file coords_27.tsv (TSV, C-alpha atoms and all ligand atoms)
chain	number	residue	atom	x	y	z
A	263	MET	CA	25.30	10.82	3.37
A	264	THR	CA	22.91	13.63	2.45
A	265	ILE	CA	23.14	12.66	-1.22
A	266	SER	CA	22.40	9.00	-0.53
A	267	LEU	CA	19.46	9.90	1.73
A	268	TRP	CA	18.10	11.99	-1.10
A	269	ARG	CA	18.78	9.46	-3.87
A	270	GLN	CA	17.87	6.28	-2.03
A	271	HIS	CA	14.85	7.44	-0.08
A	272	ILE	CA	13.40	10.87	-0.66
A	273	LEU	CA	13.52	10.80	-4.45
A	274	PRO	CA	11.85	7.37	-4.88
A	275	PHE	CA	9.22	8.31	-2.27
A	276	THR	CA	8.46	11.63	-3.99
A	277	LEU	CA	8.28	9.87	-7.36
A	278	LEU	CA	5.84	7.24	-6.06
A	279	VAL	CA	3.52	9.84	-4.49
A	280	GLY	CA	3.88	12.29	-7.41
A	281	LEU	CA	3.18	9.58	-9.97
A	282	LEU	CA	0.04	8.54	-8.09
A	283	ALA	CA	-1.23	12.13	-8.11
A	284	ALA	CA	-0.28	12.69	-11.77
A	285	ALA	CA	-1.82	9.39	-12.93
A	286	THR	CA	-5.04	10.21	-11.03
A	287	LEU	CA	-5.35	13.61	-12.71
A	288	ALA	CA	-4.46	12.18	-16.14
A	289	GLY	CA	-6.95	9.29	-15.73
A	290	ASP	CA	-9.75	11.62	-14.63
A	291	TYR	CA	-8.99	14.01	-17.50
A	292	LEU	CA	-8.96	11.20	-20.08
A	293	LEU	CA	-12.25	9.71	-18.89
A	294	HIS	CA	-13.88	13.13	-19.18
A	295	ARG	CA	-12.31	13.84	-22.59
A	296	LEU	CA	-13.44	10.47	-23.97
A	297	ASN	CA	-16.92	10.74	-22.46
A	298	LEU	CA	-16.25	7.66	-20.39
A	299	VAL	CA	-17.08	9.08	-16.99
A	300	TRP	CA	-19.30	6.05	-16.29
A	301	VAL	CA	-16.17	3.84	-16.36
A	302	GLY	CA	-14.94	5.78	-13.32
A	303	ARG	CA	-18.09	4.90	-11.43
A	304	TYR	CA	-17.21	1.20	-11.70
A	305	LEU	CA	-13.43	1.51	-11.23
A	306	GLY	CA	-14.03	1.45	-7.47
A	307	ILE	CA	-14.84	-2.26	-7.64
A	308	PRO	CA	-11.62	-3.63	-9.27
A	309	GLY	CA	-9.65	-1.11	-7.19
A	310	THR	CA	-11.11	-2.43	-3.94
A	311	ILE	CA	-10.61	-6.04	-5.04
A	312	LEU	CA	-6.95	-5.30	-5.89
A	313	ILE	CA	-6.36	-3.68	-2.48
A	314	ILE	CA	-8.01	-6.59	-0.64
A	315	ALA	CA	-6.06	-9.17	-2.71
A	316	SER	CA	-2.84	-7.29	-1.89
A	317	LEU	CA	-3.39	-7.98	1.79
A	318	THR	CA	-2.29	-11.59	1.14
A	319	TYR	CA	1.14	-10.42	2.31
A	320	SER	CA	-0.29	-9.71	5.75
A	321	LEU	CA	-1.89	-13.18	5.89
A	322	ARG	CA	1.46	-14.75	4.96
A	323	LYS	CA	3.33	-12.65	7.49
A	324	ARG	CA	0.93	-13.49	10.29
A	325	LYS	CA	1.02	-17.18	9.33
A	326	TYR	CA	-2.62	-17.50	8.33
A	327	ILE	CA	-1.20	-18.93	5.14
A	328	ALA	CA	2.07	-20.82	4.95
A	329	THR	CA	2.98	-20.64	1.27
A	330	GLY	CA	4.20	-17.84	-0.97
A	331	ASN	CA	7.50	-15.99	-1.04
A	332	PRO	CA	7.13	-13.12	1.47
A	333	LYS	CA	9.37	-10.80	-0.52
A	334	SER	CA	7.35	-11.25	-3.70
A	335	LEU	CA	4.08	-10.94	-1.78
A	336	LEU	CA	5.25	-7.61	-0.34
A	337	LYS	CA	6.17	-6.44	-3.86
A	338	LEU	CA	2.66	-7.45	-4.95
A	339	HIS	CA	1.25	-5.60	-1.94
A	340	GLU	CA	3.09	-2.44	-2.94
A	341	LEU	CA	2.09	-2.66	-6.58
A	342	GLY	CA	-1.48	-3.85	-5.96
A	343	THR	CA	-2.32	-1.21	-3.35
A	344	TRP	CA	-0.72	1.50	-5.47
A	345	LEU	CA	-2.70	0.52	-8.58
A	346	GLY	CA	-5.85	-0.16	-6.56
A	347	SER	CA	-5.57	3.25	-4.89
A	348	LEU	CA	-5.14	4.84	-8.32
A	349	MET	CA	-8.36	3.20	-9.54
A	350	VAL	CA	-10.24	4.24	-6.41
A	351	LEU	CA	-8.93	7.81	-6.69
A	352	ILE	CA	-10.08	8.04	-10.31
A	353	HIS	CA	-13.38	6.51	-9.19
A	354	ALA	CA	-13.72	9.22	-6.53
A	355	GLY	CA	-12.90	11.82	-9.20
A	356	ILE	CA	-13.95	15.32	-8.40
A	357	HIS	CA	-17.58	14.46	-7.84
A	358	PHE	CA	-19.01	15.36	-4.48
A	359	ASN	CA	-22.17	13.54	-3.46
A	360	ALA	CA	-21.78	12.59	0.16
A	361	ILE	CA	-19.32	12.99	3.02
A	362	LEU	CA	-18.68	9.33	3.86
A	363	PRO	CA	-17.07	8.38	0.54
A	364	TRP	CA	-14.81	11.40	0.78
A	365	LEU	CA	-13.73	10.53	4.29
A	366	ALA	CA	-12.99	7.01	3.00
A	367	THR	CA	-10.99	8.46	0.09
A	368	VAL	CA	-8.94	10.73	2.35
A	369	ALA	CA	-8.27	7.82	4.73
A	370	MET	CA	-7.16	5.70	1.76
A	371	GLY	CA	-4.86	8.47	0.55
A	372	VAL	CA	-3.30	8.79	3.99
A	373	ASN	CA	-3.04	4.99	4.13
A	374	ALA	CA	-1.30	4.82	0.74
A	375	ILE	CA	1.13	7.64	1.61
A	376	SER	CA	1.86	5.99	4.94
A	377	GLY	CA	2.47	2.72	3.06
A	378	MET	CA	5.04	4.47	0.89
A	379	VAL	CA	6.74	5.88	4.00
A	380	GLY	CA	6.84	2.26	5.26
A	381	LYS	CA	8.48	1.17	2.03
A	382	LEU	CA	11.12	3.88	2.48
A	383	LEU	CA	11.78	2.77	6.07
A	384	LEU	CA	11.88	-0.88	5.07
A	385	ASP	CA	14.46	-0.19	2.36
A	386	ARG	CA	16.55	1.60	4.97
A	387	SER	CA	16.34	-1.18	7.51
A	388	ARG	CA	17.01	-3.79	4.83
A	389	ARG	CA	20.24	-2.03	3.92
A	390	HIS	CA	21.17	-1.91	7.59
A	391	VAL	CA	20.47	-5.60	8.17
A	392	GLN	CA	22.24	-6.58	4.97
A	393	GLY	CA	25.32	-4.77	6.26
A	394	GLN	CA	25.24	-6.92	9.35
A	395	ARG	CA	24.59	-10.11	7.48
A	396	GLU	CA	28.15	-11.47	7.76
A	397	HIS	CA	28.02	-10.82	11.48
A	398	PHE	CA	25.16	-13.24	11.82
A	399	GLN	CA	27.28	-16.12	10.59
A	400	LEU	CA	24.47	-17.24	8.39
A	401	ARG	CA	26.89	-18.66	5.84
A	402	GLY	CA	26.00	-22.23	6.76
A	403	LEU	CA	22.40	-21.70	5.72
A	404	SER	CA	21.17	-22.02	2.17
A	405	ARG	CA	20.91	-18.83	0.15
A	406	VAL	CA	17.12	-18.93	0.28
A	407	ASP	CA	17.16	-19.24	4.09
A	408	VAL	CA	19.61	-16.36	4.41
A	409	GLU	CA	17.44	-14.18	2.18
A	410	GLN	CA	14.37	-15.05	4.22
A	411	THR	CA	16.06	-14.37	7.57
A	412	VAL	CA	17.42	-11.04	6.39
A	413	PHE	CA	13.97	-10.13	5.09
A	414	TRP	CA	12.17	-10.92	8.36
A	415	ASP	CA	14.89	-9.14	10.39
A	416	ALA	CA	14.41	-6.02	8.30
A	417	VAL	CA	10.66	-6.20	8.79
A	418	ALA	CA	11.14	-6.53	12.54
A	419	LEU	CA	13.50	-3.59	12.96
A	420	ASP	CA	12.56	-0.95	15.55
A	421	ALA	CA	11.66	1.81	13.11
A	422	MET	CA	9.32	-0.55	11.28
A	423	THR	CA	7.66	-1.58	14.54
A	424	LYS	CA	7.02	2.05	15.43
A	425	TRP	CA	5.76	2.84	11.94
A	426	ARG	CA	3.32	-0.09	12.10
A	427	LYS	CA	1.81	1.38	15.29
A	428	VAL	CA	0.66	4.29	13.13
A	429	HIS	CA	-0.01	2.46	9.87
A	430	ILE	CA	-2.31	-0.25	11.20
A	431	PRO	CA	-4.73	2.14	13.00
A	432	ILE	CA	-4.85	4.23	9.79
A	433	PHE	CA	-5.66	1.04	7.91
A	434	ILE	CA	-8.48	0.21	10.36
A	435	VAL	CA	-10.02	3.70	10.01
A	436	PHE	CA	-9.82	3.37	6.22
A	437	ALA	CA	-11.32	-0.15	6.24
A	438	VAL	CA	-14.27	0.93	8.45
A	439	LEU	CA	-15.02	4.03	6.32
A	440	ALA	CA	-14.69	2.08	3.06
A	441	LEU	CA	-17.00	-0.62	4.40
A	442	GLY	CA	-19.53	2.05	5.43
A	443	HIS	CA	-19.41	3.52	1.92
A	444	ILE	CA	-19.78	0.11	0.27
A	445	VAL	CA	-22.70	-0.93	2.52
A	446	SER	CA	-24.50	2.37	1.87
A	447	ILE	CA	-24.06	1.93	-1.89
A	448	PHE	CA	-25.63	-1.52	-1.72
A	449	LEU	CA	-28.50	-0.16	0.39
A	450	PHE	CA	-29.26	2.60	-2.10
A	451	TRP	CA	-28.40	0.65	-5.27
A	452	GLY	CA	-30.93	1.47	-7.97
A	453	TRP	CA	-32.95	3.83	-5.79
A	454	ALA	CA	-31.80	7.08	-7.34
B	501	LIG	C1	-4.88	1.39	0.25
B	501	LIG	C2	-3.61	1.27	0.45
B	501	LIG	C3	-2.93	0.37	1.45
B	501	LIG	C4	-3.43	-0.45	2.42
B	501	LIG	C5	-4.88	-0.71	2.77
B	501	LIG	C6	-2.28	-1.07	3.09
B	501	LIG	C7	-2.36	-1.96	4.15
B	501	LIG	C8	-1.28	-2.44	4.86
B	501	LIG	C9	-1.33	-3.22	6.07
B	501	LIG	C10	-2.61	-3.65	6.79
B	501	LIG	C11	-0.04	-3.48	6.45
B	501	LIG	C12	0.41	-4.25	7.69
B	501	LIG	C13	0.83	-5.64	7.35
B	501	LIG	C14	1.03	-6.46	8.60
B	501	LIG	O1	1.84	-6.07	9.46
B	501	LIG	O2	0.37	-7.49	8.72
B	501	LIG	C15	0.84	-2.89	5.48
B	501	LIG	C16	2.21	-2.95	5.49
B	501	LIG	C17	3.04	-2.41	4.55
B	501	LIG	N1	2.65	-1.72	3.42
B	501	LIG	FE1	0.77	-1.22	2.94
B	501	LIG	N2	-1.14	-0.62	2.50
B	501	LIG	C18	-1.48	0.26	1.49
B	501	LIG	C19	-0.63	0.91	0.63
B	501	LIG	C20	0.72	0.69	0.54
B	501	LIG	C21	1.58	1.27	-0.47
B	501	LIG	C22	1.11	2.19	-1.59
B	501	LIG	C23	2.84	0.81	-0.22
B	501	LIG	C24	4.13	1.07	-0.94
B	501	LIG	C25	4.26	1.37	-2.19
B	501	LIG	C26	2.76	-0.05	0.95
B	501	LIG	C27	3.84	-0.67	1.54
B	501	LIG	C28	3.78	-1.37	2.72
B	501	LIG	C29	4.96	-1.85	3.42
B	501	LIG	C30	6.41	-1.67	3.00
B	501	LIG	C31	4.49	-2.49	4.56
B	501	LIG	C32	5.36	-3.07	5.68
B	501	LIG	C33	5.53	-4.52	5.64
B	501	LIG	C34	5.58	-5.07	7.05
B	501	LIG	O3	5.42	-4.34	8.02
B	501	LIG	O4	5.75	-6.28	7.16
B	501	LIG	N3	1.46	-0.11	1.37
B	501	LIG	N4	0.07	-2.25	4.52
call {"tool": "encode", "arguments": {"input": "coords_27.tsv", "output": "structure tokens"}}
result
Amino acid sequence: MTISLWRQHILPFTLLVGLLAAATLAGDYLLHRLNLVWVGRYLGIPGTILIIASLTYSLRKRKYIATGNPKSLLKLHELGTWLGSLMVLIHAGIHFNAILPWLATVAMGVNAISGMVGKLLLDRSRRHVQGQREHFQLRGLSRVDVEQTVFWDAVALDAMTKWRKVHIPIFIVFAVLALGHIVSIFLFWGWA
């Protein structure tokens, strides 16, 4: 029990967070070594676009769009936000110019870590639901339908619902701060 908790949840979570931190430091170091610090200034743009594009999963889940495999879209969400956060973190670097961008960066970091906690919880609830699958007598359904039902059940599980009550407000704080930072950049573009 303790071993499986460690192997199935804590280890992957620690790896995901640790890799994000290590890749940020390595990226920042490389840009400085190669005299490419200016690249970091622009990395914020593709990073933001990647994060926004990754929210397609949410649109699919909330039925604003009807096509796309939810499981794959969630995988894309996980990968896209992780990579996008990495780019934004390298973009933020260790330069300190104003408070707002730093607040936005911290909120994004908290958002990304919270997302990884969500992934851990979702894996747990998916295992739980999968265990109950036979119970549901879903055998008559096609394999694709069974997969989809199991997926949505896992998403709906109690722990996930509670987690979302924390994750979505964090997301809103991050989105407002990031928007403030982006608007202020456009206002001051070319002035300095
Ligand atoms: C800047 C970073 C991130 C942002 C802005 C973000 C945003 C969101 C939002 C808004 C939701 C709610 C979806 C909904 O209920 O409609 C969500 C859910 C989720 N996110 Fe993220 N996320 C980020 C990073 C991550 C990361 C790094 C991971 C994992 C590697 C992740 C995994 C998840 C998972 C598993 C869910 C739950 C799916 C569900 O409730 O249906 N997120 N995220």
call {"tool": "closest_residue", "arguments": {"input": "coords_27.tsv", "among": "A:Leu362, A:Met370, A:Leu267, A:Leu287", "to": "ligand LIG 501 (chain B)", "atoms": "only C-alpha atoms and all ligand atoms"}}
result
A:Met370
call {"tool": "closest_residue", "arguments": {"input": "coords_27.tsv", "among": "A:Ser320, A:Met378, A:Gly355, A:Val279", "to": "Leu292 (chain A)", "atoms": "only C-alpha atoms"}}
result
A:Gly355
call {"tool": "residues_near_point", "arguments": {"input": "coords_27.tsv", "point": "(10.3, -6.1, 10.2)", "cutoff": "12 Å", "atoms": "only C-alpha atoms", "output": "JSON, numbers by chain"}}
result
{"A": [323, 324, 332, 333, 336, 380, 381, 383, 384, 385, 386, 387, 388, 390, 391, 410, 411, 412, 413, 414, 415, 416, 417, 418, 419, 420, 421, 422, 423, 424, 425, 426]}
call {"tool": "atom_distance", "arguments": {"input": "coords_27.tsv", "atom1": "atom FE1 of ligand LIG 501 (chain B)", "atom2": "CA of Leu338 (chain A)"}}
result
10.2 Å
call {"tool": "residues_near_point", "arguments": {"input": "coords_27.tsv", "point": "(-1.4, 0.1, -8.4)", "cutoff": "12 Å", "atoms": "all atoms listed in the file", "output": "VMD selection string"}}
result
chain A and resid 278 to 279 281 to 282 285 to 286 308 to 313 315 to 316 337 to 352 374
call {"tool": "write_last_selection", "arguments": {"input": "coords_27.tsv", "atoms": "C-alpha atoms", "output": "PDB file, in the frame of the given file"}}
result
ATOM      1  CA  LEU A 278       5.840   7.240  -6.060  1.00  0.00           C
ATOM      2  CA  VAL A 279       3.520   9.840  -4.490  1.00  0.00           C
ATOM      3  CA  LEU A 281       3.180   9.580  -9.970  1.00  0.00           C
ATOM      4  CA  LEU A 282       0.040   8.540  -8.090  1.00  0.00           C
ATOM      5  CA  ALA A 285      -1.820   9.390 -12.930  1.00  0.00           C
ATOM      6  CA  THR A 286      -5.040  10.210 -11.030  1.00  0.00           C
ATOM      7  CA  PRO A 308     -11.620  -3.630  -9.270  1.00  0.00           C
ATOM      8  CA  GLY A 309      -9.650  -1.110  -7.190  1.00  0.00           C
ATOM      9  CA  THR A 310     -11.110  -2.430  -3.940  1.00  0.00           C
ATOM     10  CA  ILE A 311     -10.610  -6.040  -5.040  1.00  0.00           C
ATOM     11  CA  LEU A 312      -6.950  -5.300  -5.890  1.00  0.00           C
ATOM     12  CA  ILE A 313      -6.360  -3.680  -2.480  1.00  0.00           C
ATOM     13  CA  ALA A 315      -6.060  -9.170  -2.710  1.00  0.00           C
ATOM     14  CA  SER A 316      -2.840  -7.290  -1.890  1.00  0.00           C
ATOM     15  CA  LYS A 337       6.170  -6.440  -3.860  1.00  0.00           C
ATOM     16  CA  LEU A 338       2.660  -7.450  -4.950  1.00  0.00           C
ATOM     17  CA  HIS A 339       1.250  -5.600  -1.940  1.00  0.00           C
ATOM     18  CA  GLU A 340       3.090  -2.440  -2.940  1.00  0.00           C
ATOM     19  CA  LEU A 341       2.090  -2.660  -6.580  1.00  0.00           C
ATOM     20  CA  GLY A 342      -1.480  -3.850  -5.960  1.00  0.00           C
ATOM     21  CA  THR A 343      -2.320  -1.210  -3.350  1.00  0.00           C
ATOM     22  CA  TRP A 344      -0.720   1.500  -5.470  1.00  0.00           C
ATOM     23  CA  LEU A 345      -2.700   0.520  -8.580  1.00  0.00           C
ATOM     24  CA  GLY A 346      -5.850  -0.160  -6.560  1.00  0.00           C
ATOM     25  CA  SER A 347      -5.570   3.250  -4.890  1.00  0.00           C
ATOM     26  CA  LEU A 348      -5.140   4.840  -8.320  1.00  0.00           C
ATOM     27  CA  MET A 349      -8.360   3.200  -9.540  1.00  0.00           C
ATOM     28  CA  VAL A 350     -10.240   4.240  -6.410  1.00  0.00           C
ATOM     29  CA  LEU A 351      -8.930   7.810  -6.690  1.00  0.00           C
ATOM     30  CA  ILE A 352     -10.080   8.040 -10.310  1.00  0.00           C
ATOM     31  CA  ALA A 374      -1.300   4.820   0.740  1.00  0.00           C
TER      32      ALA A 374
END
call {"tool": "residues_around", "arguments": {"input": "coords_27.tsv", "residues": "Ile432 (chain A)", "least_positions_apart": "3", "cutoff": "9 Å", "atoms": "only C-alpha atoms", "output": "ChimeraX atom specification"}}
result
/A:369-370,372-373,376,428-429,435-437
